[in-house]
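I have placed the structure first, in the form of structure tokens, so that the comments after it can refer back to it.
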Amino acid sequence: MDALLLSRIQFGFVISFHILFPAFTIGLASWLAFLEWRWLRTGNTVWRELYLWWLKIFALSFGMGVVSGIVMSFQFGTNWAVLSERAGNILGPLLSYEVLTAFFLEATFLGVMLFGWKRVPPKLHFMATCLVALGTLFSTFWIISANSWMQTPQGYTIDANGVFQPADWWAIVFNPSFPYRLAHMVLAAFLTTCFVIGGISAWYLRHNRHVEAARHMLRLAVVFAAIAVPAQIFAGDLHGLNVGKHQPIKLAAIEGHWRDEPGEASTPLVLFGVPNQQAERNDYEIKVPVLGSVILTHSLTGRIQPLTSVPASERPPVLPVFYAFRVMVGLGTVMLLLTLASLWQWRRGRLFDTPWLLRGWNAMLPSGFVCILAGWYVVEIGRQPYVVYGLLHTRDAVTPTLAVGSVLASLITFALVYAIVFGAGIWYLLQLVRKGPMPHEPAPDTHAGEKTPARPLSAANLPVEGQPSGESQ
Amino acid sequence: MEYWLPVAWFGVIGFGVLMYVLLDGFVLGLGILAPFAEDEAQLDHMMNTAAPIWDGNETWLVLGGAGLLAAFPKAYATILSALYLPVLLMLIALVFRGVAFEFRFKAHRAKPFWGAAFSLGSTFAAFAQGVILGAVVEGMPLQEGKYMGGAFGWFSPFSMLTGVAVVFGYALLGSTWLILKTEGRMQLVSRTLTRPLVLVVVAFMGLVSAWLPFLDSRLMARWFEDGNFWWLSPVPLAALVNAWLLWRASMREGRDMAPFILALTFFALGFAGLVLGLWPYLVPPSLTIWQAAAATSSQMFVGVGLVVLLPAILGYTYWSYSVFRGKVAADAGYH
């Protein structure tokens, strides 16, 4: 074990945990904005109950995203000092813009969202919700820009010390893979939330609980999935073409394409196999002729660059990339089938009383999370052995003075602490889901921060009494 | 531009870190004072005074981290990697402190556990931050740009002293915050805590100040050569006057805002005293702000955003504090 390997394991571990929470809250924030809009618009209390209940889930998830995110913002300095020194000129500003445009906005207005229900007028409260939702999207914009720049760097020069110097900020922010990755990630985040909403609704319907709320939610989930799943497949396809253009060896690893076989006029599609890095081939391979060309190049005779076109030391580990991609695409296909089946049953008026369909939604509840992790493993393992693609090797980016004992200690600590903290967090989330939205949901705050017992619903419309006279103010 | 831009950024980073230590300082102070809560309900009360704003306060730390990477990448890489273990301690402590805000109010049987997580997390985060501050002020010798101090290079009597000093300093911010935000029993407890804390913090500031000139000749020169002492002497003098005013205000009924404001200025003066000693180094005695500076283009690019966004951030932060102004009732049940 050396400091490099341990640092890589640690980064993979802390970021895998972290990504789950923002991915969920990006979608949830917009979902909350939608729910509050429906409540303000219709006055139907089911929306208010749903809002207040999902807000609790949001607060918990957001809290876990924040604390695991703070860990991330120091990882580059502690473990990847050379990356920070060489690419800090470019990554630093992008991450700073994330803090300035997104983190403050989210954190501040989340406070108003959670505790300001009775302290600000409803429209202002709705605005706070919208600003938090906007903040999550700003955050996605900048972090995906920074990641994409490392995948497809442009707009820089390299000085005599190997330090990246910015030359054109527009080119840096809007680097070639950024638009595709941004679209793919935002849709992924929304779909993750969509399938959680659908999954929970189906669970309630199966157990005959919170039926009215669950029907509202399931319908919305089906409609959203019907739009977003095809859109995601389209975005994913475009992203794939982009990878083929800018990171051909990553695409070859995704496809398990080791070499162009003599006599083949086109690239086949490997459906399944066991990539064998040493022997440079796939064992137990099942492939479909020509299909690879059609999907990957949108032509009958197009070719993609094979893995063996570069030295073995320049190839990523093929097996995890190959499988992670199949997990993502496989689950995406199931999402599409489930959505189509739901639309079909809806047309027949049986959306809510088709047991196998509800079980399907229930089972697919975590599918978005799995897809996101699998997708990011494809992206991040697939770019190896580079951290800045083609320019800076991962092995050269690690902190040179790092003691093995230090990294071992930090890795074990993170593993233990995350197991306790996020284990507990997920357990509390499950408790909230089991409880479900409460009719007569107590509003989270009164003007004086007093505990509000379950009130009649009309209380929500009562005027706020005079502000307490804090004598010190 | 080559000269002034890093200077401006030194100011920005200093401001960001100061905002963090003041704003999260009082929230961490609540956790440090948690053992003085007489029961679980009083701890609820303490936490509820900060529940709506702690997250925004903590964001200043993230700005400090990202801003340092953007403006002084070499300093970011050097400081964080050299202080690997104290940074780890701070992060883990902040994780426990942060989730405690959410989990404690959801828990039943585990409530005391998350109370302890809040208390210990806050205390260790404060201690680790003090150690980091002390270690940076003390300096990090570099060879060919690499830190050679090893995994425990930060461990010294001085950094331990600043670690403990920050714990008490944050506790003082916390107790005066509680005077501002609570009434009755809780406020009385806070008032009673404030006076001894003032004394302890004055003693720690005196110790740190007395120690500083002996850390190395550079700091000695900063304070005692070229008549600098006359320029800089207002800082310790103002701190002493400030401490005396705070002492007087802490027990005065009816003026609940004054102790908190005076604790903030007191803390800011102490911080200024330490940071003035750093100038013009970011990693003394090896990296000046110009040696550590990012490309001019990078500093400009974020600088433009900062000029536009920082006033907006300060504006809506102020607004959110005003939304939650006033006393927080004892049986506050936000959750």
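Going by the structure tokens order, chains are called A, B, ..., each with residues numbered from 1, while ligands are numbered from 1 in the order shown.
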
As an MDAnalysis selection string, please: all residues of region 216-412 of chain A that backbone DSSP puts in alpha helix (DSSP H). chainID A and resid 216:246 248:255 291:297 318:347 355:363 367:382 394:397 404:412

Near Lys74 (chain B), counting only C-alpha atoms, which residues have an atom at most 9 Å away, once you skip same-chain residues fewer than 5 positions from it, shown as a ChimeraX atom specification? /A:81-82,84-86,88 /B:68-69,79,145,287,291-294

If you count only C-alpha atoms, which residues fall within 6 Å of region 400-411 of chain A, apart from same-chain ones fewer than 3 positions away, as a ChimeraX atom specification? /A:3,10,414

Shell around region 120-134 of chain A at 10 Å using only C-alpha atoms, local window under 2 positions removed, as JSON, numbers by chain: {"A": [25, 26, 27, 28, 29, 30, 31, 32, 33, 34, 35, 36, 37, 40, 55, 101, 102, 103, 104, 105, 106, 107, 108, 109, 110, 111, 112, 113, 114, 115, 116, 117, 118, 136, 137, 138, 139, 140, 447, 460, 461, 463, 464], "B": [323, 324]}

Give me, as number ranges by chain, all polymer residues having an atom no more than 10 Å from Arg185 (chain B), counting only C-alpha atoms and skipping those fewer than 5 positions away in the same chain. B: 38, 42, 190-191, 330

I need the chosen residues saved as a PDB file, in the first residue's frame, with N, CA and C atoms.
ATOM      1  N   GLU B  38     -28.127  22.851  31.409  1.00  0.00           N
ATOM      2  CA  GLU B  38     -28.574  22.152  32.606  1.00  0.00           C
ATOM      3  C   GLU B  38     -29.401  20.903  32.293  1.00  0.00           C
ATOM      4  N   GLN B  42     -32.440  22.673  27.571  1.00  0.00           N
ATOM      5  CA  GLN B  42     -31.611  23.873  27.443  1.00  0.00           C
ATOM      6  C   GLN B  42     -30.640  23.755  26.255  1.00  0.00           C
ATOM      7  N   SER B 190     -25.739  32.088  30.727  1.00  0.00           N
ATOM      8  CA  SER B 190     -24.766  32.626  29.771  1.00  0.00           C
ATOM      9  C   SER B 190     -24.005  33.801  30.356  1.00  0.00           C
ATOM     10  N   ARG B 191     -24.732  34.667  31.038  1.00  0.00           N
ATOM     11  CA  ARG B 191     -24.068  35.825  31.666  1.00  0.00           C
ATOM     12  C   ARG B 191     -23.022  35.361  32.672  1.00  0.00           C
ATOM     13  N   ALA B 330     -37.701  29.675  25.022  1.00  0.00           N
ATOM     14  CA  ALA B 330     -37.074  28.534  25.679  1.00  0.00           C
ATOM     15  C   ALA B 330     -37.598  27.203  25.154  1.00  0.00           C
TER      16      ALA B 330
END

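Ranking B:Phe214, B:Phe101, B:Trp247, B:Trp60 by their shortest atom-to-atom distance to Gly121 (chain B), with only C-alpha atoms included, puts B:Phe101 first.
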
Which of B:Ala249, B:Met46, B:Ala151, B:Ala8 sits closest to chain A [using only C-alpha atoms]: B:Ala151

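Picture a line from CA of Val229 (chain A) to CA of Leu336 (chain A); it runs 6.2 Å.
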
Please list as number ranges by chain every residue within 12 Å of Ala37 (chain B), counting only C-alpha atoms and excluding residues in the same chain fewer than 3 positions away. B: 30-34, 40-47, 115-116, 119, 175, 178, 185-190, 193

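Using only C-alpha atoms, the residues found no farther than 10 Å from Ile13 (chain B), other than those of its own chain fewer than 6 positions away, are Met19, Leu63, Gly64, Gly65, Ala66, Gly67, Leu68, Ala71 and Phe72 of chain B.
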
Atoms kept (C-alpha atoms) for selection, written as a short mmCIF file (atom, residue, chain, number, x, y, z; two decimals), in the first residue's frame:
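Heads up, here's the output in part.cif:
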data_model
loop_
_atom_site.label_atom_id
_atom_site.label_comp_id
_atom_site.auth_asym_id
_atom_site.auth_seq_id
_atom_site.Cartn_x
_atom_site.Cartn_y
_atom_site.Cartn_z
CA MET B 19 -16.05 36.10 8.75
CA LEU B 63 -15.11 30.08 0.57
CA GLY B 64 -11.82 30.30 2.46
CA GLY B 65 -10.76 26.92 1.06
CA ALA B 66 -11.87 27.53 -2.53
CA GLY B 67 -10.64 31.15 -2.48
CA LEU B 68 -7.22 30.08 -1.25
CA ALA B 71 -5.83 32.96 -5.42
CA PHE B 72 -2.87 31.22 -3.78
#

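Of the listed residues A:Pro248, A:Gly302, A:Gln345, A:Val334, the one whose atoms come nearest to Glu314 (chain A) is A:Pro248, with distances taken using only C-alpha atoms.
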